[in-house]
Amino acid sequence: MTKLVLSFLLFGPALVLNALAYFESRKRGPESRLLPFLGVPAGLLWLYLLTHHVGAQSLGNLAEGLVVGGLSVAVSALKVVMLDPRIGHPVRNTWIAAFLLLGLAAALRVFMPAIPE
């Protein structure tokens with residue numbers, strides 16, 4: 001139950017902001033329904049790695065969750081504003097962004113040093 005509350009507190013604002021990017025992108029044409037939940041797979045991977053003691057273990061490292069949520073908002077905004085108008089294929093771009101976030105979340109968890117509490 002604690003993990004569920006922690007996940008909601010860390011990634012709830014990111015879900016709301018990604019939903020705004022989704023509605024903006026829907027004005028231009030078809031969009032993947034994954035976009036509002038773009039940070040969820042990366043957040044769940046980060047939470048899984050955290051609970052299985054991968055990387056530095058410190059209470060201060062919970063700030064990484066905020067970084068993952070912020071990265072999901074930044075990536076979705078860049079996708080909607082820059083990639084989709086220039087390249088097209090918004091559904092494919094959403095999947096690419098999701099896998100990019102998965103890689104960033106794993107790298108963040110593995111390479112982030114211990115943050116003092």
# chains A, B, ... in the order shown; residues from 1 in each chain; ligands from 1
>>> residues_around(residues="range 44-50 of chain A", least_positions_apart="4", cutoff="8 Å", atoms="only C-alpha atoms", output="VMD selection string")
chain A and resid 7 40 54 to 55 57 65 102 105 to 106 109
>>> write_last_selection(atoms="N, CA and C atoms", output="compact mmCIF listing (two decimals), in the first residue's frame")
# COMPACT_ATOMS: atom_id res chain seq x y z
N SER A 7 3.91 6.00 -5.29
CA SER A 7 3.84 6.12 -6.75
C SER A 7 2.88 7.22 -7.17
N VAL A 40 4.52 6.30 -16.79
CA VAL A 40 4.16 5.18 -15.91
C VAL A 40 5.11 3.98 -16.07
N VAL A 54 18.69 -2.13 -6.49
CA VAL A 54 19.61 -1.84 -7.59
C VAL A 54 20.03 -0.38 -7.44
N GLY A 55 21.31 -0.12 -7.45
CA GLY A 55 21.81 1.24 -7.31
C GLY A 55 21.95 1.64 -5.85
N GLN A 57 21.25 2.98 -2.25
CA GLN A 57 20.08 2.91 -1.39
C GLN A 57 20.17 3.99 -0.32
N GLY A 65 12.62 9.73 -8.20
CA GLY A 65 11.26 9.56 -8.70
C GLY A 65 10.70 10.85 -9.26
N LEU A 102 12.27 4.68 -20.45
CA LEU A 102 12.66 3.45 -19.74
C LEU A 102 14.18 3.39 -19.59
N ALA A 105 15.30 6.02 -17.01
CA ALA A 105 14.98 5.63 -15.64
C ALA A 105 15.95 4.57 -15.14
N ALA A 106 16.27 3.59 -15.98
CA ALA A 106 17.22 2.55 -15.58
C ALA A 106 18.61 3.15 -15.36
N ARG A 109 18.71 5.14 -12.10
CA ARG A 109 18.73 4.30 -10.90
C ARG A 109 20.09 3.63 -10.72
>>> residues_around(residues="Glu24 in chain A", least_positions_apart="6", cutoff="12 Å", atoms="only C-alpha atoms", output="PyMOL selection string")
chain A and resi 17-18+30-31+35-36+76-77+79-81+84
>>> residues_around(residues="Ala14 in chain A", least_positions_apart="6", cutoff="7 Å", atoms="only C-alpha atoms", output="list in words")
Gly69, Gly70, Ser72 and Val73 of chain A
>>> select_by_dssp(residues="range 3-99 of chain A", states="alpha helix (DSSP H)", output="PyMOL selection string")
chain A and resi 3-26+39-51+63-78+84-87+90-99
>>> write_last_selection(atoms="C-alpha atoms", output="PDB file, in the first residue's frame")
ATOM      1  CA  LYS A   3       4.382   1.821  -2.659  1.00  0.00           C
ATOM      2  CA  LEU A   4       1.043   2.674  -4.260  1.00  0.00           C
ATOM      3  CA  VAL A   5       0.734   5.945  -2.322  1.00  0.00           C
ATOM      4  CA  LEU A   6       4.378   6.797  -3.051  1.00  0.00           C
ATOM      5  CA  SER A   7       3.844   6.123  -6.752  1.00  0.00           C
ATOM      6  CA  PHE A   8       0.754   8.329  -6.861  1.00  0.00           C
ATOM      7  CA  LEU A   9       2.466  11.201  -5.060  1.00  0.00           C
ATOM      8  CA  LEU A  10       5.541  11.051  -7.277  1.00  0.00           C
ATOM      9  CA  PHE A  11       3.843  10.503 -10.620  1.00  0.00           C
ATOM     10  CA  GLY A  12       0.346  12.004 -10.183  1.00  0.00           C
ATOM     11  CA  PRO A  13       1.337  15.520 -11.289  1.00  0.00           C
ATOM     12  CA  ALA A  14       3.212  14.056 -14.270  1.00  0.00           C
ATOM     13  CA  LEU A  15       0.064  12.182 -15.331  1.00  0.00           C
ATOM     14  CA  VAL A  16      -1.946  15.410 -15.279  1.00  0.00           C
ATOM     15  CA  LEU A  17       0.647  17.369 -17.269  1.00  0.00           C
ATOM     16  CA  ASN A  18       1.073  14.550 -19.793  1.00  0.00           C
ATOM     17  CA  ALA A  19      -2.707  14.475 -20.233  1.00  0.00           C
ATOM     18  CA  LEU A  20      -2.591  18.164 -21.155  1.00  0.00           C
ATOM     19  CA  ALA A  21       0.042  17.377 -23.796  1.00  0.00           C
ATOM     20  CA  TYR A  22      -2.215  14.570 -25.074  1.00  0.00           C
ATOM     21  CA  PHE A  23      -5.184  16.917 -25.498  1.00  0.00           C
ATOM     22  CA  GLU A  24      -2.994  19.454 -27.286  1.00  0.00           C
ATOM     23  CA  SER A  25      -1.713  16.768 -29.633  1.00  0.00           C
ATOM     24  CA  ARG A  26      -5.225  15.455 -30.318  1.00  0.00           C
ATOM     25  CA  GLY A  39       5.939   8.155 -17.496  1.00  0.00           C
ATOM     26  CA  VAL A  40       4.164   5.178 -15.907  1.00  0.00           C
ATOM     27  CA  PRO A  41       6.339   2.380 -17.385  1.00  0.00           C
ATOM     28  CA  ALA A  42       9.509   4.315 -16.535  1.00  0.00           C
ATOM     29  CA  GLY A  43       8.194   5.057 -13.040  1.00  0.00           C
ATOM     30  CA  LEU A  44       7.294   1.431 -12.443  1.00  0.00           C
ATOM     31  CA  LEU A  45      10.715   0.309 -13.682  1.00  0.00           C
ATOM     32  CA  TRP A  46      12.367   2.844 -11.363  1.00  0.00           C
ATOM     33  CA  LEU A  47      10.216   1.649  -8.439  1.00  0.00           C
ATOM     34  CA  TYR A  48      11.000  -1.997  -9.241  1.00  0.00           C
ATOM     35  CA  LEU A  49      14.738  -1.295  -9.329  1.00  0.00           C
ATOM     36  CA  LEU A  50      14.458   0.693  -6.086  1.00  0.00           C
ATOM     37  CA  THR A  51      12.648  -2.087  -4.228  1.00  0.00           C
ATOM     38  CA  ALA A  63      14.137  12.400  -5.363  1.00  0.00           C
ATOM     39  CA  GLU A  64      14.971  10.286  -8.413  1.00  0.00           C
ATOM     40  CA  GLY A  65      11.256   9.561  -8.703  1.00  0.00           C
ATOM     41  CA  LEU A  66      10.585  13.255  -9.110  1.00  0.00           C
ATOM     42  CA  VAL A  67      13.283  13.391 -11.782  1.00  0.00           C
ATOM     43  CA  VAL A  68      11.656  10.501 -13.668  1.00  0.00           C
ATOM     44  CA  GLY A  69       8.265  12.238 -13.470  1.00  0.00           C
ATOM     45  CA  GLY A  70       9.781  15.520 -14.630  1.00  0.00           C
ATOM     46  CA  LEU A  71      11.574  13.794 -17.487  1.00  0.00           C
ATOM     47  CA  SER A  72       8.306  12.243 -18.640  1.00  0.00           C
ATOM     48  CA  VAL A  73       6.674  15.670 -18.758  1.00  0.00           C
ATOM     49  CA  ALA A  74       9.648  17.178 -20.598  1.00  0.00           C
ATOM     50  CA  VAL A  75       9.829  14.334 -23.122  1.00  0.00           C
ATOM     51  CA  SER A  76       6.082  14.424 -23.828  1.00  0.00           C
ATOM     52  CA  ALA A  77       6.166  18.205 -24.286  1.00  0.00           C
ATOM     53  CA  LEU A  78       9.146  17.978 -26.652  1.00  0.00           C
ATOM     54  CA  ASP A  84       5.250  15.451 -34.165  1.00  0.00           C
ATOM     55  CA  PRO A  85       4.930  18.606 -36.320  1.00  0.00           C
ATOM     56  CA  ARG A  86       8.279  18.026 -38.037  1.00  0.00           C
ATOM     57  CA  ILE A  87       8.504  14.252 -38.380  1.00  0.00           C
ATOM     58  CA  PRO A  90       2.800  10.605 -33.517  1.00  0.00           C
ATOM     59  CA  VAL A  91       2.013   7.043 -32.420  1.00  0.00           C
ATOM     60  CA  ARG A  92       5.480   5.800 -33.345  1.00  0.00           C
ATOM     61  CA  ASN A  93       7.050   8.832 -31.663  1.00  0.00           C
ATOM     62  CA  THR A  94       5.138   8.034 -28.468  1.00  0.00           C
ATOM     63  CA  TRP A  95       6.553   4.513 -28.378  1.00  0.00           C
ATOM     64  CA  ILE A  96      10.059   5.818 -29.027  1.00  0.00           C
ATOM     65  CA  ALA A  97       9.623   8.323 -26.183  1.00  0.00           C
ATOM     66  CA  ALA A  98       8.385   5.556 -23.855  1.00  0.00           C
ATOM     67  CA  PHE A  99      11.441   3.398 -24.529  1.00  0.00           C
TER      68      PHE A  99
END
